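Enquirer: Contents of data.cif (mmCIF, C-alpha atoms):
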```cif
data_model
loop_
_atom_site.label_atom_id
_atom_site.label_comp_id
_atom_site.auth_asym_id
_atom_site.auth_seq_id
_atom_site.Cartn_x
_atom_site.Cartn_y
_atom_site.Cartn_z
CA MET A 1185 0.00 0.00 0.00
CA SER A 1186 1.37 3.38 -0.99
CA LYS A 1187 2.45 5.75 1.76
CA SER A 1188 0.63 8.51 -0.10
CA VAL A 1189 -2.73 7.07 0.99
CA ARG A 1190 -4.15 9.05 3.89
CA MET A 1191 -7.33 9.04 5.96
CA GLU A 1192 -9.49 12.16 6.06
CA LYS A 1193 -12.76 13.14 7.66
CA ALA A 1194 -15.33 12.86 4.91
CA SER A 1195 -16.66 15.97 3.22
CA PRO A 1196 -20.32 16.62 2.31
CA CYS A 1197 -18.95 17.66 -1.10
CA SER A 1198 -17.39 14.25 -1.77
CA ARG A 1199 -18.21 13.15 -5.32
CA VAL A 1200 -18.32 9.46 -4.40
CA GLY A 1201 -19.55 9.40 -0.79
CA ALA A 1202 -23.14 8.51 -1.68
CA LYS A 1203 -21.94 5.97 -4.27
CA LEU A 1204 -19.76 4.24 -1.68
CA ASN A 1205 -22.68 4.08 0.76
CA ILE A 1206 -24.81 2.45 -1.93
CA MET A 1207 -22.02 -0.03 -2.65
CA ALA A 1208 -21.74 -0.82 1.06
CA ILE A 1209 -25.41 -1.61 1.64
CA GLU A 1210 -25.98 -3.19 -1.81
CA SER A 1211 -29.56 -4.41 -2.34
CA MET A 1212 -30.66 -3.06 1.05
CA ALA A 1213 -30.60 0.38 -0.58
CA GLN A 1214 -33.84 -0.46 -2.37
CA THR A 1215 -35.61 -1.08 0.94
CA ILE A 1216 -34.08 1.94 2.65
CA VAL A 1217 -35.00 4.31 -0.19
CA GLY A 1218 -38.25 2.59 -1.16
CA SER A 1219 -37.39 2.27 -4.84
CA ASP A 1220 -35.41 0.07 -7.21
CA ASP A 1221 -34.77 2.99 -9.56
CA PRO A 1222 -30.98 3.65 -9.54
CA ALA A 1223 -31.48 7.38 -10.12
CA ILE A 1224 -33.84 7.70 -7.14
CA ILE A 1225 -31.53 5.64 -4.94
CA GLU A 1226 -28.58 7.83 -5.90
CA GLU A 1227 -30.48 11.08 -5.37
CA THR A 1228 -31.77 9.98 -1.96
CA MET A 1229 -28.43 8.68 -0.74
CA LYS A 1230 -26.75 11.87 -1.96
CA GLY A 1231 -29.18 13.89 0.15
CA LEU A 1232 -28.44 11.75 3.19
CA TRP A 1233 -24.68 11.97 2.64
CA GLU A 1234 -24.77 15.77 2.39
CA GLY A 1235 -27.04 16.07 5.43
CA LYS A 1236 -26.35 15.49 9.10
CA ASN A 1237 -27.73 13.36 11.93
CA ASN A 1238 -28.45 10.25 9.86
CA ARG A 1239 -26.74 6.89 9.42
CA PHE A 1240 -25.48 7.68 5.94
CA SER A 1241 -24.15 11.17 6.61
CA HIS A 1242 -20.61 12.31 5.87
CA GLU A 1243 -20.66 13.36 9.52
CA PHE A 1244 -19.68 9.83 10.61
CA ALA A 1245 -17.57 8.82 7.61
CA TYR A 1246 -13.86 8.77 6.84
CA GLU A 1247 -12.27 8.50 3.41
CA ALA A 1248 -9.04 6.90 2.25
CA LYS A 1249 -7.55 9.29 -0.31
CA VAL A 1250 -4.60 9.81 -2.61
CA GLY A 1251 -4.37 13.44 -3.57
CA ASN A 1252 -7.94 14.54 -4.23
CA LYS A 1253 -9.08 11.06 -5.24
CA THR A 1254 -11.17 9.00 -2.82
CA LEU A 1255 -10.35 5.27 -2.82
CA GLY A 1256 -12.73 4.01 -0.15
CA MET A 1257 -14.86 5.00 2.81
CA ILE A 1258 -15.78 3.74 6.27
CA THR A 1259 -18.55 4.90 8.59
CA CYS A 1260 -18.17 4.18 12.30
CA TYR A 1261 -19.68 5.29 15.61
CA PRO A 1262 -20.64 4.00 19.04
CA THR A 1263 -23.60 1.63 18.76
CA SER A 1264 -25.60 3.95 21.02
CA VAL A 1265 -25.13 6.76 18.48
CA MET A 1266 -26.11 4.47 15.60
CA ASN A 1267 -29.31 3.49 17.40
CA GLN A 1268 -30.18 7.13 18.04
CA LEU A 1269 -29.89 7.80 14.29
CA VAL A 1270 -32.60 5.31 13.25
CA LEU A 1271 -35.58 7.66 13.53
CA PRO A 1272 -33.80 10.79 12.23
CA THR A 1273 -32.67 8.77 9.21
CA ALA A 1274 -36.22 7.60 8.53
CA LYS A 1275 -37.53 11.18 8.83
CA GLN A 1276 -34.92 12.49 6.40
CA ILE A 1277 -35.71 9.77 3.86
CA LEU A 1278 -39.39 10.62 4.18
CA HIS A 1279 -38.58 14.31 3.64
CA ILE A 1280 -36.60 13.52 0.48
CA ARG A 1281 -38.94 10.91 -0.98
CA ARG A 1282 -42.23 12.36 0.34
CA PHE A 1283 -45.45 10.63 -0.79
CA ALA A 1284 -43.63 7.94 -2.74
CA MET A 1285 -42.01 6.75 0.50
CA VAL A 1286 -45.31 6.89 2.37
CA ASN A 1287 -46.89 4.63 -0.25
CA TYR A 1288 -43.92 2.26 -0.11
CA ALA A 1289 -43.99 2.16 3.68
CA VAL A 1290 -47.68 1.29 3.79
CA LYS A 1291 -47.10 -1.65 1.45
CA ASN A 1292 -43.88 -2.83 3.15
CA VAL A 1293 -44.44 -2.21 6.85
CA ARG A 1294 -42.98 -5.54 8.00
CA THR A 1295 -39.83 -5.23 5.90
CA LEU A 1296 -39.12 -1.69 7.07
CA TYR A 1297 -39.85 -2.62 10.69
CA ALA A 1298 -37.45 -5.57 10.45
CA MET A 1299 -34.73 -3.29 9.12
CA MET A 1300 -35.26 -0.57 11.71
CA THR A 1301 -35.26 -2.98 14.66
CA MET A 1302 -32.23 -5.10 13.75
CA GLU A 1303 -29.77 -5.35 16.64
CA GLU A 1304 -26.56 -4.80 14.70
CA GLY A 1305 -24.42 -3.96 17.70
CA LYS A 1306 -24.33 -3.97 21.49
CA LYS A 1307 -24.09 -0.88 23.68
CA ASP A 1308 -20.50 -1.63 24.69
CA GLU A 1309 -19.33 -1.79 21.06
CA PHE A 1310 -18.02 0.72 18.56
CA HIS A 1311 -19.75 -0.15 15.30
CA ILE A 1312 -18.76 -0.07 11.63
CA GLY A 1313 -21.95 0.93 9.84
CA ALA A 1314 -20.62 0.84 6.27
CA MET A 1315 -17.42 0.22 4.35
CA ALA A 1316 -16.78 0.25 0.62
CA ILE A 1317 -13.84 0.52 -1.76
CA LEU A 1318 -14.04 1.71 -5.35
CA PRO A 1319 -13.48 -1.23 -7.77
CA GLU A 1320 -10.32 0.29 -9.26
CA SER A 1321 -8.79 0.64 -5.77
CA ARG A 1322 -9.29 -2.93 -4.55
CA GLY A 1323 -6.55 -5.42 -3.87
CA VAL A 1324 -3.96 -2.95 -2.55
CA GLY A 1325 -4.78 -2.96 1.17
CA ILE A 1326 -7.32 -0.14 1.37
CA GLY A 1327 -9.84 -2.35 3.20
CA GLY A 1328 -7.30 -3.16 5.90
CA MET A 1329 -6.38 0.51 6.21
CA LEU A 1330 -10.03 1.51 6.69
CA LEU A 1331 -10.60 -1.19 9.31
CA HIS A 1332 -7.42 -0.20 11.15
CA TYR A 1333 -8.60 3.41 11.22
CA ALA A 1334 -11.95 2.36 12.71
CA GLU A 1335 -10.07 0.43 15.40
CA ALA A 1336 -8.08 3.54 16.24
CA ARG A 1337 -11.29 5.55 16.49
CA ALA A 1338 -12.78 2.90 18.80
CA LYS A 1339 -9.74 3.05 21.09
CA ASP A 1340 -9.83 6.85 21.10
CA CYS A 1341 -13.42 6.60 22.33
CA SER A 1342 -12.41 4.05 25.02
CA PHE A 1343 -14.20 1.08 23.47
CA LYS A 1344 -12.73 -2.42 23.79
CA LYS A 1345 -14.88 -4.06 21.12
CA LEU A 1346 -15.55 -3.21 17.49
CA SER A 1347 -18.48 -4.77 15.64
CA LEU A 1348 -19.94 -4.99 12.16
CA THR A 1349 -22.45 -6.98 10.15
CA VAL A 1350 -21.90 -8.77 6.88
CA ARG A 1351 -24.41 -10.42 4.59
CA GLU A 1352 -24.44 -14.21 4.64
CA ASN A 1353 -24.12 -14.22 0.85
CA ASN A 1354 -20.94 -12.14 0.92
CA PRO A 1355 -18.24 -14.70 1.86
CA ARG A 1356 -15.43 -12.58 0.41
CA ALA A 1357 -16.09 -9.73 2.82
CA LYS A 1358 -16.54 -12.17 5.72
CA GLN A 1359 -13.13 -13.70 4.95
CA LEU A 1360 -11.52 -10.25 4.95
CA TYR A 1361 -12.94 -9.51 8.39
CA GLU A 1362 -11.87 -12.90 9.72
CA ARG A 1363 -8.32 -12.34 8.45
CA VAL A 1364 -7.99 -9.19 10.54
CA GLY A 1365 -9.41 -10.77 13.70
CA TYR A 1366 -13.20 -10.50 13.58
CA GLN A 1367 -15.23 -13.48 14.79
CA VAL A 1368 -18.85 -14.37 14.15
CA VAL A 1369 -20.78 -13.94 17.41
CA GLY A 1370 -24.32 -14.29 16.10
CA LYS A 1371 -26.74 -14.09 13.21
CA ILE A 1372 -29.48 -11.68 12.25
CA ASP A 1373 -32.30 -13.41 10.42
CA GLN A 1374 -35.21 -11.07 9.83
CA GLY A 1375 -37.07 -11.90 6.65
CA SER A 1376 -34.85 -11.10 3.68
CA PHE A 1377 -32.12 -9.67 5.95
CA LYS A 1378 -29.68 -12.45 6.78
CA LEU A 1379 -26.46 -11.18 8.31
CA PHE A 1380 -23.57 -12.37 10.41
CA ARG A 1381 -22.73 -10.23 13.42
CA MET A 1382 -18.97 -10.05 13.89
CA VAL A 1383 -16.88 -8.62 16.74
CA LYS A 1384 -13.20 -7.92 17.32
CA ALA A 1385 -11.52 -7.07 20.62
CA VAL A 1386 -9.43 -3.90 20.35
#
```
Please go through the file and, once you have read it, give me the structure as C-alpha cells.
Expert:
Amino acid sequence: MSKSVRMEKASPCSRVGAKLNIMAIESMAQTIVGSDDPAIIEETMKGLWEGKNNRFSHEFAYEAKVGNKTLGMITCYPTSVMNQLVLPTAKQILHIRRFAMVNYAVKNVRTLYAMMTMEEGKKDEFHIGAMAILPESRGVGIGGMLLHYAEARAKDCSFKKLSLTVRENNPRAKQLYERVGYQVVGKIDQGSFKLFRMVKAV
C-alpha cells in the first residue's frame, strides 16, 4: 500500500460518498430508499450523505484518499449513536422521498420494521456501519487501512470491542474480516435480511 494514501474526515462535497454508501449496503438500498430505480436511490443517498444526523451522513464517515481522489470510505460510531440515528434517518428519507415513500412504507411495513429494529451492535461496542472501496482501488490494502482506522477511532473513544455486520451471501467480505481478527458472534435473520454479526476485541 502506498504511503501517499491518507485518511481524512469525509466531506459533504465528496463526489463518491453517496456511491460508496450504496455499494456498502448493496440491495438493502432499495428497501431503505423505497425504490429500485438507480437514479432515485442515488439522489436519496446523496441527500443523506450531504445532510447530518443520519446513518449515511458524511458526519460519521472517513475516506481513504490519494491526492484529491477517494479510494474508499468507512462509517463508524458508538452503537448507542447508531441506534439514536434510526428515527432521524427515517424522517430524512421521508422528507426527500415524500409521498412515494409513504406509499412504499404502507405496502412494506414488516420489511421496514425488520430493518429498523435489527440489533446490529451492542451498547458496549463501537460499530462499523458501512465500508466500501471503489473497484479500481481494490486489492492494494485499502480495506485493511479503513478497518485499522476504525479500530483507532474505537480506542480513542475508550471502546474495547468493534463490531460490524456482513451479509451471509458475501463470503469474500466475511473472509476479509476474519483475516484481521473478527469473529462471528451471532446471526441476524429477519425476513430477507440475513447477516452475520462479527466482533473484534481492540
Enquirer: Against region 1320-1330 of chain A, which residues of region 1236-1269 of chain A fall within 9 Å? For each one I want the closest pair of atoms and the distance in Å (one decimal), counting all atoms listed in the file, rows by chain and increasing residue number, as JSON lines.
Expert:
```
{"residue": "A:Tyr1246", "atom": "CA", "partner": "A:Leu1330", "partner_atom": "CA", "distance": 8.2}
{"residue": "A:Glu1247", "atom": "CA", "partner": "A:Leu1330", "partner_atom": "CA", "distance": 8.0}
{"residue": "A:Ala1248", "atom": "CA", "partner": "A:Leu1330", "partner_atom": "CA", "distance": 7.1}
{"residue": "A:Leu1255", "atom": "CA", "partner": "A:Ser1321", "partner_atom": "CA", "distance": 5.7}
{"residue": "A:Gly1256", "atom": "CA", "partner": "A:Ile1326", "partner_atom": "CA", "distance": 7.0}
{"residue": "A:Met1257", "atom": "CA", "partner": "A:Leu1330", "partner_atom": "CA", "distance": 7.1}
{"residue": "A:Ile1258", "atom": "CA", "partner": "A:Leu1330", "partner_atom": "CA", "distance": 6.2}
```
Enquirer: Wanna dump the region 1264-1320 of chain A-region 1224-1240 of chain A contacts at 7 Å for me, each residue with its shortest atom pair and the distance in Å to one decimal, counting all atoms listed in the file, ordered by chain and number, as CSV?
Expert:
```
residue,atom,partner,partner_atom,distance
A:Met1266,CA,A:Arg1239,CA,6.7
A:Leu1269,CA,A:Asn1238,CA,5.3
A:Pro1272,CA,A:Asn1238,CA,5.9
A:Thr1273,CA,A:Asn1238,CA,4.5
A:Ile1280,CA,A:Thr1228,CA,6.5
```
Enquirer: With the file shown as input, list the residues that the PyMOL selection byres ((chain A and resi 1210) around 12) selects, as an NGL selection string.
Expert: :A and (1203-1209 or 1211-1217 or 1220 or 1222 or 1225 or 1314-1316 or 1350-1351 or 1353-1354 or 1377)
Enquirer: Since I can't run it myself right now, could you work out what the PyMOL selection byres ((chain A and resi 1250-1252) around 8) selects here and report it as a list in words?
Expert: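 Those residues are Ser1188, Val1189, Arg1190, Ala1248, Lys1249, Lys1253, Thr1254 and Leu1255 of chain A.
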Enquirer: Give, as JSON, the centre coordinates and the x, y and z edge lengths in Å to one decimal for an axis-aligned box around all listed atoms of region 1255-1269 of chain A, padded by 5 Å on each side.
Expert:
```
{"center_x": -20.3, "center_y": 4.7, "center_z": 9.1, "size_x": 29.8, "size_y": 16.2, "size_z": 33.8}
```
Enquirer: Name all residues at most 12 Å from region 1299-1303 of chain A (count only C-alpha atoms; drop same-chain ones fewer than 2 positions away) and give them as a ChimeraX atom specification.
Expert: /A:1212-1216,1239,1263-1264,1266-1274,1292-1297,1305-1307,1309,1311,1347-1349,1370-1381
Enquirer: Can you pull out every residue within 10 Å of Ser1342 (chain A), counting all atoms listed in the file, but drop anything in the same chain fewer than 5 positions away, and send it as a VMD selection string?
Expert: chain A and resid 1308 to 1310 1336 to 1337 1386
Enquirer: One decimal, Å: what's the distance from CA of Gly1365 (chain A) over to CA of Lys1384 (chain A), could you say?
Expert: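 Spanning CA of Gly1365 (chain A) to CA of Lys1384 (chain A) is a straight-line distance of 6.0 Å.
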Enquirer: Rounded to one decimal place, report the CA of Ala1338 (chain A)-CA of Thr1259 (chain A) distance in Å.
Expert: 11.9 Å
Enquirer: Just the number, please: distance in Å from CA of Tyr1366 (chain A) to CA of Val1200 (chain A), one decimal.
Expert: 27.3 Å
